[in-house]
Amino acid sequence: MRQIPVDTSAASVMVAQSPAPKIANRQTGEVATDRETGATLFVVNVMFAANDAVDLLAVAVPESGISGELAMGTPVALTGLVARPWERDGRHGIAFRAVAVTSLLPSKAA
């Protein structure tokens, strides 16, 4: 499957909705896993602002790639973001996947 790297260097990215497990099968509730590693996949909805436009993206990321508190409005970095065009049953779109989603806020001291 073709992957297109996405340059995030000139973008502002903030969490729109906290991470949630990615559902592979809505009827059974089966959670999606990475085909190569078996890691549980999560979806983080982010606001991606670049070139005077804002888009809402659902980004799939392995559970181990989520770091920091990712509450709504948290600025984040998306490591290894790629776009994957897809088509199935006459429908089509673009899926987004990242290696990691990291909070850019300083961590709270204990």
# chains A, B, ... in the order shown; residues from 1 in each chain; ligands from 1
>>> residues_around(residues="range 86-100 of chain A", least_positions_apart="5", cutoff="8 Å", atoms="only C-alpha atoms", output="ChimeraX atom specification")
/A:57-62,64-67,77-81
>>> residues_around(residues="Arg2 in chain A", least_positions_apart="2", cutoff="9 Å", atoms="only C-alpha atoms", output="VMD selection string")
chain A and resid 4 83 to 85
>>> closest_residue(among="A:Asn25, A:Ala71, A:Val101, A:Val13", to="Phe42 in chain A", atoms="only C-alpha atoms")
A:Val101
>>> closest_residue(among="A:Thr102, A:Thr74, A:Ser12, A:Gln27", to="Asp52 in chain A", atoms="only C-alpha atoms")
A:Ser12
>>> residues_around(residues="Met14 in chain A", least_positions_apart="5", cutoff="8 Å", atoms="only C-alpha atoms", output="ChimeraX atom specification")
/A:46-48,72-76
>>> closest_residue(among="A:Gln3, A:Gln17, A:Thr8, A:Ser103", to="Val44 in chain A", atoms="only C-alpha atoms")
A:Gln17
>>> atom_distance(atom1="CA of Ile23 in chain A", atom2="CA of Ala50 in chain A")
28.8 Å
>>> atom_distance(atom1="CA of Asn45 in chain A", atom2="CA of Gly29 in chain A")
19.4 Å
>>> select_by_dssp(residues="chain A", states="strand (DSSP E or B)", output="PyMOL selection string")
chain A and resi 4-5+12-21+23-25+30-31+33+40-50+53-62+66-67+75-79+82-88+91-97+100-103
>>> atom_distance(atom1="CA of Glu36 in chain A", atom2="CA of Pro5 in chain A")
19.2 Å
>>> closest_residue(among="A:Thr28, A:Ser107, A:Thr33, A:Asn51", to="Ser9 in chain A", atoms="only C-alpha atoms")
A:Asn51
>>> closest_residue(among="A:Pro106, A:Leu70, A:Pro21, A:Ala16", to="Ala39 in chain A", atoms="only C-alpha atoms")
A:Pro21
>>> decode(residues="range 46-60 of chain A", atoms="all heavy atoms", output="mmCIF file, in the first residue's frame")
data_model
loop_
_atom_site.group_PDB
_atom_site.id
_atom_site.type_symbol
_atom_site.label_atom_id
_atom_site.label_comp_id
_atom_site.auth_asym_id
_atom_site.auth_seq_id
_atom_site.Cartn_x
_atom_site.Cartn_y
_atom_site.Cartn_z
ATOM 1 N N VAL A 46 -6.949 15.063 15.724
ATOM 2 C CA VAL A 46 -6.171 16.293 15.880
ATOM 3 C C VAL A 46 -6.659 17.368 14.911
ATOM 4 O O VAL A 46 -7.207 17.066 13.854
ATOM 5 C CB VAL A 46 -4.653 16.043 15.645
ATOM 6 C CG1 VAL A 46 -4.084 15.065 16.655
ATOM 7 C CG2 VAL A 46 -4.366 15.576 14.233
ATOM 8 N N MET A 47 -6.456 18.619 15.333
ATOM 9 C CA MET A 47 -6.668 19.766 14.443
ATOM 10 C C MET A 47 -5.311 20.069 13.823
ATOM 11 O O MET A 47 -4.339 20.313 14.544
ATOM 12 C CB MET A 47 -7.186 20.973 15.231
ATOM 13 C CG MET A 47 -8.573 20.764 15.781
ATOM 14 S SD MET A 47 -9.133 22.168 16.773
ATOM 15 C CE MET A 47 -8.147 21.930 18.251
ATOM 16 N N PHE A 48 -5.245 20.035 12.511
ATOM 17 C CA PHE A 48 -4.000 20.224 11.772
ATOM 18 C C PHE A 48 -4.111 21.548 11.033
ATOM 19 O O PHE A 48 -4.886 21.665 10.076
ATOM 20 C CB PHE A 48 -3.825 19.058 10.792
ATOM 21 C CG PHE A 48 -2.497 19.018 10.106
ATOM 22 C CD1 PHE A 48 -1.462 18.270 10.635
ATOM 23 C CD2 PHE A 48 -2.282 19.703 8.919
ATOM 24 C CE1 PHE A 48 -0.233 18.201 9.986
ATOM 25 C CE2 PHE A 48 -1.065 19.644 8.274
ATOM 26 C CZ PHE A 48 -0.032 18.892 8.807
ATOM 27 N N ALA A 49 -3.396 22.571 11.487
ATOM 28 C CA ALA A 49 -3.482 23.906 10.901
ATOM 29 C C ALA A 49 -2.208 24.214 10.116
ATOM 30 O O ALA A 49 -1.108 24.191 10.671
ATOM 31 C CB ALA A 49 -3.685 24.948 11.986
ATOM 32 N N ALA A 50 -2.368 24.492 8.824
ATOM 33 C CA ALA A 50 -1.242 24.850 7.961
ATOM 34 C C ALA A 50 -1.780 25.591 6.747
ATOM 35 O O ALA A 50 -2.891 25.315 6.282
ATOM 36 C CB ALA A 50 -0.475 23.610 7.521
ATOM 37 N N ASN A 51 -1.007 26.527 6.243
ATOM 38 C CA ASN A 51 -1.364 27.265 5.024
ATOM 39 C C ASN A 51 -2.749 27.916 5.126
ATOM 40 O O ASN A 51 -3.551 27.853 4.199
ATOM 41 C CB ASN A 51 -1.301 26.356 3.795
ATOM 42 C CG ASN A 51 0.064 25.729 3.623
ATOM 43 O OD1 ASN A 51 1.083 26.375 3.832
ATOM 44 N ND2 ASN A 51 0.086 24.461 3.259
ATOM 45 N N ASP A 52 -3.034 28.545 6.265
ATOM 46 C CA ASP A 52 -4.307 29.240 6.493
ATOM 47 C C ASP A 52 -5.526 28.332 6.384
ATOM 48 O O ASP A 52 -6.614 28.784 6.024
ATOM 49 C CB ASP A 52 -4.458 30.438 5.544
ATOM 50 C CG ASP A 52 -3.413 31.514 5.797
ATOM 51 O OD1 ASP A 52 -3.067 31.718 6.980
ATOM 52 O OD2 ASP A 52 -2.952 32.140 4.833
ATOM 53 N N ALA A 53 -5.361 27.061 6.655
ATOM 54 C CA ALA A 53 -6.483 26.111 6.641
ATOM 55 C C ALA A 53 -6.348 25.175 7.838
ATOM 56 O O ALA A 53 -5.243 24.882 8.290
ATOM 57 C CB ALA A 53 -6.489 25.304 5.347
ATOM 58 N N VAL A 54 -7.489 24.729 8.346
ATOM 59 C CA VAL A 54 -7.497 23.785 9.460
ATOM 60 C C VAL A 54 -8.295 22.559 9.044
ATOM 61 O O VAL A 54 -9.397 22.675 8.509
ATOM 62 C CB VAL A 54 -8.128 24.411 10.722
ATOM 63 C CG1 VAL A 54 -8.209 23.385 11.846
ATOM 64 C CG2 VAL A 54 -7.336 25.627 11.170
ATOM 65 N N ASP A 55 -7.727 21.387 9.277
ATOM 66 C CA ASP A 55 -8.401 20.129 8.989
ATOM 67 C C ASP A 55 -8.440 19.299 10.256
ATOM 68 O O ASP A 55 -7.543 19.369 11.101
ATOM 69 C CB ASP A 55 -7.657 19.343 7.906
ATOM 70 C CG ASP A 55 -7.750 20.007 6.549
ATOM 71 O OD1 ASP A 55 -8.874 20.145 6.053
ATOM 72 O OD2 ASP A 55 -6.697 20.398 6.005
ATOM 73 N N LEU A 56 -9.470 18.506 10.392
ATOM 74 C CA LEU A 56 -9.577 17.544 11.484
ATOM 75 C C LEU A 56 -9.128 16.199 10.939
ATOM 76 O O LEU A 56 -9.694 15.704 9.960
ATOM 77 C CB LEU A 56 -11.017 17.467 11.994
ATOM 78 C CG LEU A 56 -11.250 16.582 13.200
ATOM 79 C CD1 LEU A 56 -10.489 17.103 14.410
ATOM 80 C CD2 LEU A 56 -12.727 16.513 13.507
ATOM 81 N N LEU A 57 -8.089 15.622 11.548
ATOM 82 C CA LEU A 57 -7.546 14.338 11.099
ATOM 83 C C LEU A 57 -7.687 13.295 12.195
ATOM 84 O O LEU A 57 -7.430 13.573 13.367
ATOM 85 C CB LEU A 57 -6.058 14.453 10.761
ATOM 86 C CG LEU A 57 -5.610 15.524 9.772
ATOM 87 C CD1 LEU A 57 -4.095 15.450 9.598
ATOM 88 C CD2 LEU A 57 -6.312 15.368 8.450
ATOM 89 N N ALA A 58 -8.078 12.101 11.817
ATOM 90 C CA ALA A 58 -8.072 10.955 12.725
ATOM 91 C C ALA A 58 -6.775 10.208 12.443
ATOM 92 O O ALA A 58 -6.584 9.663 11.354
ATOM 93 C CB ALA A 58 -9.283 10.064 12.476
ATOM 94 N N VAL A 59 -5.874 10.204 13.404
ATOM 95 C CA VAL A 59 -4.552 9.615 13.222
ATOM 96 C C VAL A 59 -4.447 8.328 14.039
ATOM 97 O O VAL A 59 -4.635 8.336 15.257
ATOM 98 C CB VAL A 59 -3.443 10.598 13.659
ATOM 99 C CG1 VAL A 59 -2.067 9.981 13.466
ATOM 100 C CG2 VAL A 59 -3.561 11.912 12.888
ATOM 101 N N ALA A 60 -4.154 7.224 13.374
ATOM 102 C CA ALA A 60 -3.927 5.947 14.056
ATOM 103 C C ALA A 60 -2.483 5.913 14.544
ATOM 104 O O ALA A 60 -1.566 6.327 13.822
ATOM 105 C CB ALA A 60 -4.191 4.776 13.120
#
